[in-house]
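Trainee: Right, I'll just put the structure down here and ask away after.
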Amino acid sequence: MVFLSALCLVTLIVVALAANWIAPYDYQAIDLPARLVPPFWIEGGGLSHLLGTDDLGRDVLSRLIFSVRMSLFVALLGTVIGAVLGTVLGFLAAHFHGWVDDLVVAAIDFQAALPFMILALAVVATLGNSLVLFIGLMGIYGWERYARPTRGLTLSAVTHGYAVAVRTLGAGPMRIYGRHILPNIADALIVDMTLNFPQTVPLETSLGFLGLGIRPPLTSLGNMVGFGRDYLMTAWWIAVFPSLAIFVATLAMSIPGDWVRDRLDPTLKD
């Protein structure tokens, strides 16, 4: 099962990277005479549009390919930003102690207690919507999952002999945290990333479905489903195929992520 999921994930990554070459049409190309053409196996469909067309005559397969690329890109970049932000704040809290530590811990508790969807709605309503802002929102999501273990593991590590010895030899904080402590807590952070990444994809698609994510003329899996919901009874393929892609992508990321956690998480080892 892990192998099949990893193979599926690799396939999605290849599709995302090669979208410009494998998409049969420009995903923005409008062809009104060909609007709402069904998939090729349904009467009225044809091989020219394998998965049919949407309400503007745009090829669903082409839009699906580019939507997979956009959704994976946003989810991956958001996960990396969240990991870097959380790790840095965890290091700062462990290093400075005092009010800095209290402030970071309070921010962690606040982030964990506040439903992220409410925060996203407030930010978009205040600042408007753009791709950069949306990626930033994805980066804010889940940063506390890295900050909390980083802070705890760093507080524990600085009391160990190697950290004390390196400090005694005159190493600065950047060298101590970057060259010595970070490699020793990297396994825990990688586990958090493998678990957080699959959750970022459905979050991105949920916001896109509500109209808070990627905006036209760009496309993503979430706004494909959002645009297709009005045609579920007459042109179900517009929403169903991106919904299946969301399901497959999330599952393909979750199973290898659980496998990595089982291998790296010390609390699960005998």
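Residue numbering restarts at 1 for every chain of the structure tokens, chains are lettered A, B, ... in their displayed order, and ligands are numbered from 1 as they appear.
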As a ChimeraX atom specification, please: the residues near segment 77-91 of chain A (cut-off 9 Å, only C-alpha atoms, same-chain neighbours under 2 positions excluded).
Mentor: /A:72-75,93-96,101,104-105,134-152,154-155,177,189,192-193,196-197,200
Trainee: Mind checking which residues fall within 9 Å of segment 127-129 of chain A, counting only C-alpha atoms, ignoring those fewer than 4 positions away in the same chain, and posting them as a ChimeraX atom specification?
Mentor: /A:122-123,133-134,212-215
Trainee: Could you name the residues that touch segment 227-230 of chain A at 12 Å or less, counting only C-alpha atoms, but leaving out those on the same chain fewer than 5 positions away, as a PyMOL selection string?
Mentor: chain A and resi 36+53-56+60+208-211+215-216+219-222+235-243
Trainee: Output as a ChimeraX atom specification all residues of segment 13-173 of chain A that backbone DSSP marks as strand (DSSP E or B).
Mentor: /A:46,49,53,59
Trainee: Can you pull out every residue within 10 Å of Met117 of chain A, counting only C-alpha atoms, but drop anything in the same chain fewer than 2 positions away, and send it as a VMD selection string?
Mentor: chain A and resid 114 to 115 119 to 123 141 203 206 to 207
Trainee: Could you take the residues named above and write them with C-alpha atoms, as an mmCIF file, in the first residue's frame?
Mentor:
```cif
data_model
loop_
_atom_site.group_PDB
_atom_site.id
_atom_site.type_symbol
_atom_site.label_atom_id
_atom_site.label_comp_id
_atom_site.auth_asym_id
_atom_site.auth_seq_id
_atom_site.Cartn_x
_atom_site.Cartn_y
_atom_site.Cartn_z
ATOM 1 C CA LEU A 114 -8.299 29.558 16.865
ATOM 2 C CA PRO A 115 -9.999 27.767 13.947
ATOM 3 C CA LEU A 119 -8.420 33.530 10.634
ATOM 4 C CA ALA A 120 -8.311 33.085 6.846
ATOM 5 C CA LEU A 121 -11.716 34.762 6.439
ATOM 6 C CA ALA A 122 -10.610 37.709 8.577
ATOM 7 C CA VAL A 123 -7.326 38.157 6.687
ATOM 8 C CA TYR A 141 -1.288 27.264 9.062
ATOM 9 C CA LEU A 203 -7.290 23.160 3.422
ATOM 10 C CA SER A 206 -11.539 24.183 0.938
ATOM 11 C CA LEU A 207 -10.574 27.849 0.788
#
```
Trainee: Residues of segment 5-226 of chain A classed as helix (DSSP H, G or I) by DSSP on the backbone are to be reported as an NGL selection string.
Mentor: :A and (5-17 or 19-22 or 32-34 or 60-96 or 98-113 or 116-127 or 131-140 or 144-157 or 161-168 or 173-209 or 221-226)
Trainee: Emit the selected residues as a short mmCIF file (atom, residue, chain, number, x, y, z; two decimals), in the first residue's frame, including C-alpha atoms.
Mentor:
```cif
data_model
loop_
_atom_site.label_atom_id
_atom_site.label_comp_id
_atom_site.auth_asym_id
_atom_site.auth_seq_id
_atom_site.Cartn_x
_atom_site.Cartn_y
_atom_site.Cartn_z
CA SER A 5 0.75 5.50 -2.59
CA ALA A 6 4.33 6.63 -3.16
CA LEU A 7 4.03 5.73 -6.85
CA CYS A 8 0.80 7.73 -7.08
CA LEU A 9 2.47 10.69 -5.35
CA VAL A 10 5.42 10.54 -7.74
CA THR A 11 2.97 10.46 -10.65
CA LEU A 12 1.21 13.56 -9.34
CA ILE A 13 4.54 15.35 -8.97
CA VAL A 14 5.56 14.41 -12.52
CA VAL A 15 2.20 15.60 -13.85
CA ALA A 16 2.61 18.88 -11.96
CA LEU A 17 6.14 19.45 -13.26
CA ALA A 19 1.91 20.27 -17.01
CA ASN A 20 2.97 22.58 -19.84
CA TRP A 21 3.88 19.63 -22.05
CA ILE A 22 1.22 17.02 -21.27
CA LEU A 32 -18.20 28.33 -26.21
CA PRO A 33 -19.45 26.06 -29.05
CA ALA A 34 -17.87 23.14 -27.16
CA VAL A 60 -11.43 19.75 -17.98
CA LEU A 61 -8.36 17.49 -18.30
CA SER A 62 -6.08 20.44 -19.03
CA ARG A 63 -7.50 22.44 -16.15
CA LEU A 64 -7.17 19.41 -13.88
CA ILE A 65 -3.49 19.00 -14.74
CA PHE A 66 -2.69 22.65 -14.06
CA SER A 67 -4.86 22.62 -10.93
CA VAL A 68 -2.86 19.70 -9.52
CA ARG A 69 0.33 21.69 -10.11
CA MET A 70 -1.02 24.82 -8.44
CA SER A 71 -2.50 22.99 -5.44
CA LEU A 72 0.66 20.96 -4.81
CA PHE A 73 2.83 24.05 -5.23
CA VAL A 74 0.80 26.10 -2.75
CA ALA A 75 0.61 23.22 -0.25
CA LEU A 76 4.33 22.46 -0.47
CA LEU A 77 5.43 26.08 -0.22
CA GLY A 78 3.00 26.71 2.63
CA THR A 79 4.30 23.65 4.50
CA VAL A 80 7.93 24.76 4.09
CA ILE A 81 7.15 28.31 5.23
CA GLY A 82 5.27 27.00 8.26
CA ALA A 83 8.12 24.64 9.15
CA VAL A 84 10.75 27.38 8.90
CA LEU A 85 8.64 29.89 10.83
CA GLY A 86 7.78 27.44 13.59
CA THR A 87 11.35 26.17 13.92
CA VAL A 88 12.82 29.68 14.13
CA LEU A 89 10.27 30.78 16.74
CA GLY A 90 10.91 27.61 18.73
CA PHE A 91 14.65 28.35 18.73
CA LEU A 92 14.03 31.97 19.76
CA ALA A 93 11.81 30.92 22.65
CA ALA A 94 14.35 28.39 23.91
CA HIS A 95 17.28 30.77 23.52
CA PHE A 96 15.98 33.98 25.08
CA GLY A 98 11.74 35.22 29.72
CA TRP A 99 9.15 37.33 27.96
CA VAL A 100 10.17 36.06 24.51
CA ASP A 101 9.42 32.50 25.58
CA ASP A 102 6.13 33.58 27.16
CA LEU A 103 5.14 35.45 24.00
CA VAL A 104 5.90 32.52 21.71
CA VAL A 105 4.08 30.05 23.96
CA ALA A 106 1.05 32.37 24.08
CA ALA A 107 1.10 32.65 20.27
CA ILE A 108 1.29 28.86 19.99
CA ASP A 109 -1.72 28.43 22.27
CA PHE A 110 -3.64 31.13 20.42
CA GLN A 111 -2.92 29.57 17.02
CA ALA A 112 -3.89 26.11 18.25
CA ALA A 113 -7.15 27.34 19.76
CA PHE A 116 -7.81 28.54 10.95
CA MET A 117 -10.78 29.10 8.65
CA ILE A 118 -11.91 32.04 10.79
CA LEU A 119 -8.42 33.53 10.63
CA ALA A 120 -8.31 33.09 6.85
CA LEU A 121 -11.72 34.76 6.44
CA ALA A 122 -10.61 37.71 8.58
CA VAL A 123 -7.33 38.16 6.69
CA VAL A 124 -8.92 37.94 3.24
CA ALA A 125 -11.73 40.31 4.25
CA THR A 126 -9.18 42.84 5.52
CA LEU A 127 -6.34 42.59 3.01
CA LEU A 131 -1.56 34.46 -4.67
CA VAL A 132 1.22 35.76 -2.41
CA LEU A 133 -1.19 36.43 0.45
CA PHE A 134 -2.77 33.01 0.02
CA ILE A 135 0.59 31.25 0.15
CA GLY A 136 1.39 33.27 3.26
CA LEU A 137 -1.84 32.05 4.84
CA MET A 138 -0.88 28.46 4.06
CA GLY A 139 2.47 29.15 5.72
CA ILE A 140 0.81 30.43 8.87
CA GLU A 144 2.74 25.92 15.99
CA ARG A 145 3.14 22.20 15.28
CA TYR A 146 6.81 22.86 14.64
CA ALA A 147 7.37 25.59 17.23
CA ARG A 148 6.18 23.57 20.21
CA PRO A 149 8.41 20.48 19.72
CA THR A 150 11.34 22.66 18.57
CA ARG A 151 11.15 24.67 21.78
CA GLY A 152 10.88 21.58 23.98
CA LEU A 153 13.59 19.59 22.22
CA THR A 154 15.91 22.60 22.15
CA LEU A 155 15.47 23.24 25.88
CA SER A 156 16.38 19.61 26.44
CA ALA A 157 19.30 19.67 24.00
CA GLY A 161 26.97 17.69 26.99
CA TYR A 162 27.52 18.39 23.30
CA ALA A 163 25.69 21.73 23.35
CA VAL A 164 27.47 22.84 26.52
CA ALA A 165 30.82 21.77 25.09
CA VAL A 166 30.30 23.65 21.83
CA ARG A 167 29.26 26.78 23.73
CA THR A 168 32.33 26.47 25.94
CA PRO A 173 24.11 30.71 18.79
CA MET A 174 23.75 30.34 15.00
CA ARG A 175 26.35 27.57 14.92
CA ILE A 176 24.99 25.84 18.00
CA TYR A 177 21.41 25.76 16.78
CA GLY A 178 22.07 25.34 13.07
CA ARG A 179 24.99 22.89 13.07
CA HIS A 180 24.44 20.90 16.25
CA ILE A 181 20.91 21.08 17.66
CA LEU A 182 18.90 21.22 14.43
CA PRO A 183 20.32 17.94 13.00
CA ASN A 184 19.46 16.21 16.28
CA ILE A 185 15.82 17.31 16.24
CA ALA A 186 15.38 17.07 12.45
CA ASP A 187 13.65 13.66 12.65
CA ALA A 188 10.82 15.10 14.76
CA LEU A 189 10.42 18.07 12.40
CA ILE A 190 10.34 15.83 9.32
CA VAL A 191 7.61 13.76 10.95
CA ASP A 192 5.59 16.92 11.56
CA MET A 193 6.05 18.00 7.93
CA THR A 194 4.92 14.63 6.54
CA LEU A 195 1.79 14.85 8.66
CA ASN A 196 1.09 18.53 8.00
CA PHE A 197 1.56 18.47 4.22
CA PRO A 198 -1.44 16.18 3.49
CA GLN A 199 -3.63 18.42 5.64
CA THR A 200 -2.59 21.54 3.74
CA VAL A 201 -3.94 20.24 0.42
CA PRO A 202 -7.60 19.85 1.56
CA LEU A 203 -7.29 23.16 3.42
CA GLU A 204 -6.17 24.90 0.23
CA THR A 205 -8.98 23.28 -1.74
CA SER A 206 -11.54 24.18 0.94
CA LEU A 207 -10.57 27.85 0.79
CA GLY A 208 -10.59 27.68 -3.01
CA PHE A 209 -14.06 26.17 -2.94
CA LEU A 221 -8.55 21.96 -7.48
CA GLY A 222 -10.61 23.93 -4.97
CA ASN A 223 -11.97 26.54 -7.35
CA MET A 224 -12.63 23.84 -9.99
CA VAL A 225 -14.93 22.13 -7.50
CA GLY A 226 -16.42 25.50 -6.55
#
```
Trainee: Have a look at atom CA of Met233 of chain A and atom CA of Phe40 of chain A and let me know their distance in Å, one decimal.
Mentor: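 Pair atom CA of Met233 of chain A / atom CA of Phe40 of chain A returns 18.1 Å.
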Trainee: So how many Å separate atom CA of His49 of chain A and atom CA of Leu218 of chain A, to one decimal?
Mentor: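 Pair atom CA of His49 of chain A / atom CA of Leu218 of chain A returns 20.3 Å.
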Trainee: Separation of atom CA of Gln28 of chain A and atom CA of Gly57 of chain A, in Å?
Mentor: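 Atom CA of Gly57 of chain A lies at a distance of 9.6 Å from atom CA of Gln28 of chain A.
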